[in-house]
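S.K.: For reference, this is entry-v5.pdb, and it has PDB, C-alpha atoms and all ligand atoms.
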```pdb
ATOM      1  CA  MET A 873     -11.210  10.728   7.955
ATOM      2  CA  VAL A 874      -7.666  10.331   9.138
ATOM      3  CA  ILE A 875      -5.781  12.957   7.245
ATOM      4  CA  VAL A 876      -3.051  11.173   5.306
ATOM      5  CA  LEU A 877      -4.760   7.851   5.086
ATOM      6  CA  GLU A 878      -6.323   8.208   1.653
ATOM      7  CA  THR A 879      -8.006   4.881   1.445
ATOM      8  CA  ASP A 880      -8.573   5.238  -2.299
ATOM      9  CA  ASN A 881      -4.824   5.313  -2.908
ATOM     10  CA  PRO A 882      -3.686   1.836  -4.035
ATOM     11  CA  LEU A 883      -0.497   1.947  -1.958
ATOM     12  CA  VAL A 884      -2.427   2.888   1.159
ATOM     13  CA  ARG A 885      -4.990   0.195   0.464
ATOM     14  CA  GLU A 886      -2.310  -2.430   0.005
ATOM     15  CA  TYR A 887      -0.337  -1.489   3.076
ATOM     16  CA  PHE A 888      -3.150  -0.911   5.524
ATOM     17  CA  GLY A 889      -5.235  -3.679   4.019
ATOM     18  CA  LYS A 890      -2.549  -6.102   5.140
ATOM     19  CA  MET A 891      -2.376  -4.492   8.558
ATOM     20  CA  ILE A 892      -6.034  -4.113   9.511
ATOM     21  CA  GLY A 893      -8.032  -5.838   6.768
ATOM     22  CA  LYS A 894     -11.086  -4.640   4.896
ATOM     23  CA  GLU A 895     -13.153  -4.155   8.007
ATOM     24  CA  GLY A 896     -10.364  -2.063   9.491
ATOM     25  CA  MET A 897     -10.183   0.092   6.383
ATOM     26  CA  LYS A 898     -13.900   0.725   6.598
ATOM     27  CA  ILE A 899     -13.482   1.808  10.194
ATOM     28  CA  MET A 900     -10.563   4.103   9.345
ATOM     29  CA  GLU A 901     -12.478   5.743   6.543
ATOM     30  CA  ASN A 902     -15.033   6.988   9.001
ATOM     31  CA  ILE A 903     -12.758   8.503  11.593
ATOM     32  CA  PRO A 904     -12.799  12.287  11.780
ATOM     33  CA  ALA A 905      -9.800  14.338  12.900
ATOM     34  CA  GLY A 906      -9.357  14.971  16.614
ATOM     35  CA  GLU A 907     -10.067  12.840  19.634
ATOM     36  CA  ILE A 908     -12.755  10.218  19.558
ATOM     37  CA  THR A 909     -13.944   7.300  21.683
ATOM     38  CA  ASP A 910     -14.082   3.726  20.410
ATOM     39  CA  ASP A 911     -17.839   3.829  20.994
ATOM     40  CA  GLU A 912     -18.219   6.767  18.637
ATOM     41  CA  ILE A 913     -16.005   5.136  16.025
ATOM     42  CA  ALA A 914     -18.155   2.005  16.163
ATOM     43  CA  LYS A 915     -21.284   4.066  15.605
ATOM     44  CA  LEU A 916     -19.759   6.079  12.760
ATOM     45  CA  SER A 917     -18.560   3.026  10.887
ATOM     46  CA  ASP A 918     -21.490   0.827  11.847
ATOM     47  CA  SER A 919     -19.106  -1.809  13.208
ATOM     48  CA  LYS A 920     -18.976  -3.930  16.318
ATOM     49  CA  LEU A 921     -17.189  -2.380  19.258
ATOM     50  CA  THR A 922     -14.964  -5.441  19.650
ATOM     51  CA  THR A 923     -13.887  -5.147  15.998
ATOM     52  CA  VAL A 924     -13.167  -1.454  16.409
ATOM     53  CA  ARG A 925     -11.064  -2.146  19.498
ATOM     54  CA  LYS A 926      -9.101  -4.852  17.710
ATOM     55  CA  VAL A 927      -8.325  -2.500  14.844
ATOM     56  CA  LEU A 928      -7.384   0.313  17.218
ATOM     57  CA  TYR A 929      -4.935  -1.887  19.091
ATOM     58  CA  VAL A 930      -3.274  -3.019  15.872
ATOM     59  CA  LEU A 931      -2.909   0.636  14.901
ATOM     60  CA  TYR A 932      -1.634   1.380  18.383
ATOM     61  CA  ASP A 933       1.017  -1.332  18.035
ATOM     62  CA  ASN A 934       2.068   0.270  14.780
ATOM     63  CA  ARG A 935       2.304   3.669  16.469
ATOM     64  CA  ILE A 936      -0.461   5.121  14.368
ATOM     65  CA  ALA A 937      -3.185   5.343  16.967
ATOM     66  CA  GLU A 938      -2.712   6.776  20.447
ATOM     67  CA  TYR A 939      -4.999   7.111  23.400
ATOM     68  CA  ARG A 940      -5.375   8.805  26.727
ATOM     69  CA  THR A 941      -7.712   7.682  29.469
ATOM     70  CA  GLU A 942     -10.171   9.694  31.485
ATOM     71  CA  ARG A 943     -11.668   8.389  34.676
ATOM     72  CA  ASP A 944     -15.099   9.383  35.819
ATOM     73  CA  ASP A 945     -14.769  10.061  39.575
ATOM     74  CA  ASN A 946     -18.361   9.145  40.300
ATOM     75  CA  THR A 947     -18.746   5.923  38.368
ATOM     76  CA  GLY A 948     -15.107   4.889  38.139
ATOM     77  CA  TRP A 949     -15.727   4.354  34.441
ATOM     78  CA  ILE A 950     -12.703   4.843  32.225
ATOM     79  CA  THR A 951     -13.070   6.441  28.825
ATOM     80  CA  TYR A 952     -10.433   5.925  26.157
ATOM     81  CA  TRP A 953      -9.877   8.952  23.941
ATOM     82  CA  TRP A 954      -8.260   7.888  20.711
ATOM     83  CA  SER A 955      -6.356  10.042  18.266
ATOM     84  CA  PHE A 956      -4.109   9.441  15.303
ATOM     85  CA  ASN A 957      -0.496  10.316  14.835
ATOM     86  CA  ASN A 958      -0.336  11.881  11.414
ATOM     87  CA  GLU A 959       3.408  12.412  11.586
ATOM     88  CA  ASN A 960       3.929   8.678  11.988
ATOM     89  CA  ILE A 961       1.429   7.897   9.258
ATOM     90  CA  LYS A 962       3.289  10.274   6.935
ATOM     91  CA  LYS A 963       6.631   8.747   7.821
ATOM     92  CA  MET A 964       5.284   5.269   7.290
ATOM     93  CA  MET A 965       3.672   6.129   3.976
ATOM     94  CA  GLY A 966       6.884   7.833   2.887
ATOM     95  CA  GLU A 967       8.747   4.602   3.560
ATOM     96  CA  VAL A 968       6.115   2.611   1.697
ATOM     97  CA  ALA A 969       6.494   4.969  -1.267
ATOM     98  CA  ASP A 970      10.285   4.558  -1.194
ATOM     99  CA  VAL A 971      10.097   0.772  -1.192
ATOM    100  CA  LYS A 972       7.597   0.900  -4.044
ATOM    101  CA  LEU A 973       9.770   3.340  -6.012
ATOM    102  CA  ASN A 974      12.867   1.187  -5.608
ATOM    103  CA  GLY A 975      10.993  -1.824  -6.902
ATOM    104  CA  LEU A 976       9.541   0.087  -9.841
ATOM    105  CA  ARG A 977      12.901   1.607 -10.795
ATOM    106  CA  GLU A 978      14.553  -1.786 -10.696
ATOM    107  CA  LYS A 979      11.860  -3.204 -12.948
ATOM    108  CA  LEU A 980      12.172  -0.274 -15.332
ATOM    109  CA  GLU A 981      15.916  -0.725 -15.572
ATOM    110  CA  TYR A 982      15.436  -4.410 -16.310
ATOM    111  CA  GLU A 983      12.896  -3.660 -19.031
ATOM    112  CA  ARG A 984      15.040  -0.944 -20.593
ATOM    113  CA  ASN A 985      18.151  -3.074 -20.722
ATOM    114  CA  GLY A 986      16.642  -6.298 -21.984
ATOM    115  CA  GLU A 987      15.360  -7.517 -25.277
ATOM    116  CA  PHE A 988      12.480  -9.883 -24.757
ATOM    117  CA  TYR A 989      10.910 -12.820 -26.526
ATOM    118  CA  ARG A 990       7.637 -14.486 -25.773
ATOM    119  CA  CYS A 991       5.948 -17.805 -26.377
ATOM    120  CA  GLN A 992       2.518 -18.963 -25.224
ATOM    121  CA  CYS A 993       3.628 -19.571 -21.667
ATOM    122  CA  GLN A 994       6.480 -17.224 -20.743
ATOM    123  CA  ARG A 995       8.562 -14.199 -21.548
ATOM    124  CA  ILE A 996      12.335 -14.538 -21.632
ATOM    125  CA  LEU A 997      15.431 -12.583 -22.591
ATOM    126  CA  PHE A 998      16.807 -12.719 -26.121
ATOM    127  CA  GLU A 999      19.902 -14.613 -24.962
ATOM    128  CA  ASP A1000      17.776 -17.378 -23.459
ATOM    129  CA  ALA A1001      15.472 -17.547 -26.449
ATOM    130  CA  ALA A1002      18.460 -17.829 -28.777
ATOM    131  CA  GLU A1003      19.879 -20.629 -26.662
ATOM    132  CA  LYS A1004      16.625 -22.526 -27.039
ATOM    133  CA  GLU A1005      16.701 -21.804 -30.774
ATOM    134  CA  PHE A1006      13.531 -19.753 -30.361
ATOM    135  CA  TRP A1007      11.468 -22.794 -29.561
ATOM    136  CA  CYS A1008       9.719 -23.428 -26.246
ATOM    137  CA  ASP A1009       9.506 -27.105 -25.343
ATOM    138  CA  GLU A1010       7.062 -26.447 -22.567
ATOM    139  CA  CYS A1011       4.219 -25.055 -24.634
ATOM    140  CA  GLU A1012       5.613 -26.094 -28.007
ATOM    141  CA  SER A1013       5.507 -22.748 -29.678
ATOM    142  CA  ASN A1014       7.975 -20.238 -31.117
ATOM    143  CA  PHE A1015       9.559 -17.465 -29.147
ATOM    144  CA  GLU A1016       8.658 -14.243 -30.853
ATOM    145  CA  TYR A1017       9.924 -10.731 -30.335
ATOM    146  CA  PHE A1018       8.077  -8.936 -27.558
ATOM    147  CA  ASP A1019       7.869  -5.164 -27.724
ATOM    148  CA  ASN A1020       7.975  -3.871 -24.149
ATOM    149  CA  LYS A1021       7.491  -0.178 -24.963
ATOM    150  CA  LYS A1022       4.026  -0.169 -23.425
ATOM    151  CA  LEU A1023       5.305  -1.878 -20.319
ATOM    152  CA  ILE A1024       8.099   0.687 -20.001
ATOM    153  CA  LYS A1025       5.631   3.536 -20.436
ATOM    154  CA  SER A1026       3.319   2.178 -17.764
ATOM    155  CA  LEU A1027       6.245   1.718 -15.359
ATOM    156  CA  GLU A1028       7.366   5.292 -15.996
ATOM    157  CA  LYS A1029       3.846   6.486 -15.339
ATOM    158  CA  LYS A1030       3.624   4.559 -12.070
ATOM    159  CA  ILE A1031       6.963   5.976 -10.960
ATOM    160  CA  LYS A1032       5.822   9.518 -11.685
ATOM    161  CA  GLU A1033       2.563   9.004  -9.813
ATOM    162  CA  THR A1034       4.328   7.528  -6.801
ATOM    163  CA  GLU A1035       6.875  10.369  -6.748
ATOM    164  CA  LYS A1036       4.063  12.879  -6.888
ATOM    165  CA  TRP A1037       2.257  11.177  -4.057
ATOM    166  CA  LYS A1038       5.424  11.094  -1.959
ATOM    167  CA  LYS A1039       5.880  14.837  -2.393
ATOM    168  CA  LYS A1040       2.259  15.406  -1.457
ATOM    169  CA  ILE A1041       2.648  13.405   1.751
ATOM    170  CA  ARG A1042       5.637  15.503   2.758
ATOM    171  CA  LYS A1043       3.813  18.760   2.224
ATOM    172  CA  GLU A1044       0.659  17.963   4.147
TER     173      GLU A1044
HETATM  174 ZN    ZN B   1       6.278 -21.646 -23.780
END
```
Written as structure tokens, that's how I'd like the structure from this file.

M.R.:
Amino acid sequence: MVIVLETDNPLVREYFGKMIGKEGMKIMENIPAGEITDDEIAKLSDSKLTTVRKVLYVLYDNRIAEYRTERDDNTGWITYWWSFNNENIKKMMGEVADVKLNGLREKLEYERNGEFYRCQCQRILFEDAAEKEFWCDECESNFEYFDNKKLIKSLEKKIKETEKWKKKIRKE
């Protein structure tokens, strides 16, 4: 498998899922390190050659996959030897981790600084609930205090996990 592309990591799944889809992920999972032909990749992942090529060119456009060509002097046949740029994958995943961390930290700050109230249909800040006299017209129920400790804890946990993963990427 391609070294840094841990397809069981949710961030990797999200990012590469958008880029190459499920089929592409399946193909990536089966790629060993080193040079390989598209034919071999297709066999390893039990996929159609045309699908493999499509995925490879998307990865090429994203500077993740590279290739060199080799021409057979007798047949004139050209073989494409594909390989993967782990430095670029690392850089890319580092950026993904940073974006994710920024988002998570912003959310955490928001949760830490606010006091929240909840009805049947939404969660709002204390100030807004007070303004509505703790009554939601939309679902016709009371706004009641919402304890966000669990939410804060889970955000803190996600931040720690993402930081850990980011460090791991750097080291590899
Ligand atoms: Zn409501």

S.K.: Evaluated on this file, the PyMOL selection byres (((not hetatm)) within 10 of (chain B and resi 1)) picks out some residues - which ones are they, written as an mmCIF file with C-alpha atoms, in the coordinates of the input?

M.R.:
```cif
data_model
loop_
_atom_site.group_PDB
_atom_site.id
_atom_site.type_symbol
_atom_site.label_atom_id
_atom_site.label_comp_id
_atom_site.auth_asym_id
_atom_site.auth_seq_id
_atom_site.Cartn_x
_atom_site.Cartn_y
_atom_site.Cartn_z
ATOM 1 C CA ARG A 990 7.637 -14.486 -25.773
ATOM 2 C CA CYS A 991 5.948 -17.805 -26.377
ATOM 3 C CA GLN A 992 2.518 -18.963 -25.224
ATOM 4 C CA CYS A 993 3.628 -19.571 -21.667
ATOM 5 C CA GLN A 994 6.480 -17.224 -20.743
ATOM 6 C CA ARG A 995 8.562 -14.199 -21.548
ATOM 7 C CA ILE A 996 12.335 -14.538 -21.632
ATOM 8 C CA PHE A 1006 13.531 -19.753 -30.361
ATOM 9 C CA TRP A 1007 11.468 -22.794 -29.561
ATOM 10 C CA CYS A 1008 9.719 -23.428 -26.246
ATOM 11 C CA ASP A 1009 9.506 -27.105 -25.343
ATOM 12 C CA GLU A 1010 7.062 -26.447 -22.567
ATOM 13 C CA CYS A 1011 4.219 -25.055 -24.634
ATOM 14 C CA GLU A 1012 5.613 -26.094 -28.007
ATOM 15 C CA SER A 1013 5.507 -22.748 -29.678
ATOM 16 C CA ASN A 1014 7.975 -20.238 -31.117
ATOM 17 C CA PHE A 1015 9.559 -17.465 -29.147
#
```

S.K.: As a PyMOL selection string, please: the residues near segment 977-989 of chain A (cut-off 7 Å, all atoms listed in the file, same-chain neighbours under 2 positions excluded).

M.R.: chain A and resi 973-975+995-998+1001+1015-1018+1024+1027

S.K.: Got time to write the residues from that selection, C-alpha atoms, as a PDB file, in the coordinates of the input?

M.R.:
```pdb
ATOM      1  CA  LEU A 973       9.770   3.340  -6.012  1.00  0.00           C
ATOM      2  CA  ASN A 974      12.867   1.187  -5.608  1.00  0.00           C
ATOM      3  CA  GLY A 975      10.993  -1.824  -6.902  1.00  0.00           C
ATOM      4  CA  ARG A 995       8.562 -14.199 -21.548  1.00  0.00           C
ATOM      5  CA  ILE A 996      12.335 -14.538 -21.632  1.00  0.00           C
ATOM      6  CA  LEU A 997      15.431 -12.583 -22.591  1.00  0.00           C
ATOM      7  CA  PHE A 998      16.807 -12.719 -26.121  1.00  0.00           C
ATOM      8  CA  ALA A1001      15.472 -17.547 -26.449  1.00  0.00           C
ATOM      9  CA  PHE A1015       9.559 -17.465 -29.147  1.00  0.00           C
ATOM     10  CA  GLU A1016       8.658 -14.243 -30.853  1.00  0.00           C
ATOM     11  CA  TYR A1017       9.924 -10.731 -30.335  1.00  0.00           C
ATOM     12  CA  PHE A1018       8.077  -8.936 -27.558  1.00  0.00           C
ATOM     13  CA  ILE A1024       8.099   0.687 -20.001  1.00  0.00           C
ATOM     14  CA  LEU A1027       6.245   1.718 -15.359  1.00  0.00           C
TER      15      LEU A1027
END
```

S.K.: Quote the spacing between atom CA of Ser919 of chain A and atom CA of Gly896 of chain A in Å to one decimal place.

M.R.: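 Answer for the atom CA of Ser919 of chain A to atom CA of Gly896 of chain A separation: 9.5 Å.
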
S.K.: Quick one: everything within 10 Å of segment 900-902 of chain A, counting all atoms listed in the file, minus sequence neighbours fewer than 3 positions away in the same chain. Send it as a list of chain:residue names.

M.R.: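 Returned residues: A:Met873, A:Val874, A:Ile875, A:Leu877, A:Glu878, A:Thr879, A:Asp880, A:Phe888, A:Ile892, A:Lys894, A:Glu895, A:Gly896, A:Met897, A:Ala905, A:Ile913, A:Ala914, A:Lys915, A:Leu916, A:Ser917, A:Asp918, A:Val924, A:Val927, A:Leu928.
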
S.K.: When you look at Arg940 of chain A with a cut-off of 12 Å (counting all atoms listed in the file), what residues show up, excluding the ones that are within fewer than 4 positions of it in the same chain? I need them as JSON, numbers by chain.

M.R.: {"A": [907, 908, 909, 910, 932, 950, 951, 952, 953, 954, 955, 956]}

S.K.: For Arg885 of chain A, which of A:Val930, A:Ile936, A:Met965, A:Leu1023 is the closest residue, counting all atoms listed in the file?

M.R.: A:Met965

S.K.: Assuming the chain letters and numbering stay as they are in my file, what does the PyMOL selection byres (((chain A and resi 972) around 12) and not hetatm) actually select? List them as a list of chain:residue names.

M.R.: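 Answer for the PyMOL selection byres (((chain A and resi 972) around 12) and not hetatm): A:Pro882, A:Leu883, A:Val884, A:Glu886, A:Tyr887, A:Met965, A:Gly966, A:Glu967, A:Val968, A:Ala969, A:Asp970, A:Val971, A:Leu973, A:Asn974, A:Gly975, A:Leu976, A:Arg977, A:Glu978, A:Lys979, A:Leu1027, A:Lys1030, A:Ile1031, A:Lys1032, A:Glu1033, A:Thr1034, A:Glu1035, A:Trp1037, A:Lys1038.
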
S.K.: Could you tell me how far atom CA of Thr923 of chain A sits from atom CA of Asn957 of chain A, in Å to one decimal place?

M.R.: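 Here the two named atoms are 20.5 Å from each other.
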
S.K.: How far is it from atom CA of Lys920 of chain A to atom CA of Ile903 of chain A, in Å with one decimal?

M.R.: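 These atoms are spaced 14.7 Å apart.
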
S.K.: Box time for segment 1024-1030 of chain A: axis-aligned, enclosing all its listed atoms, 8 Å extra on each side; report centre and edge lengths in Å to one decimal, as lines of an AutoDock Vina configuration file.

M.R.:
```
center_x = 5.7
center_y = 3.6
center_z = -16.3
size_x = 20.8
size_y = 21.8
size_z = 24.4
```
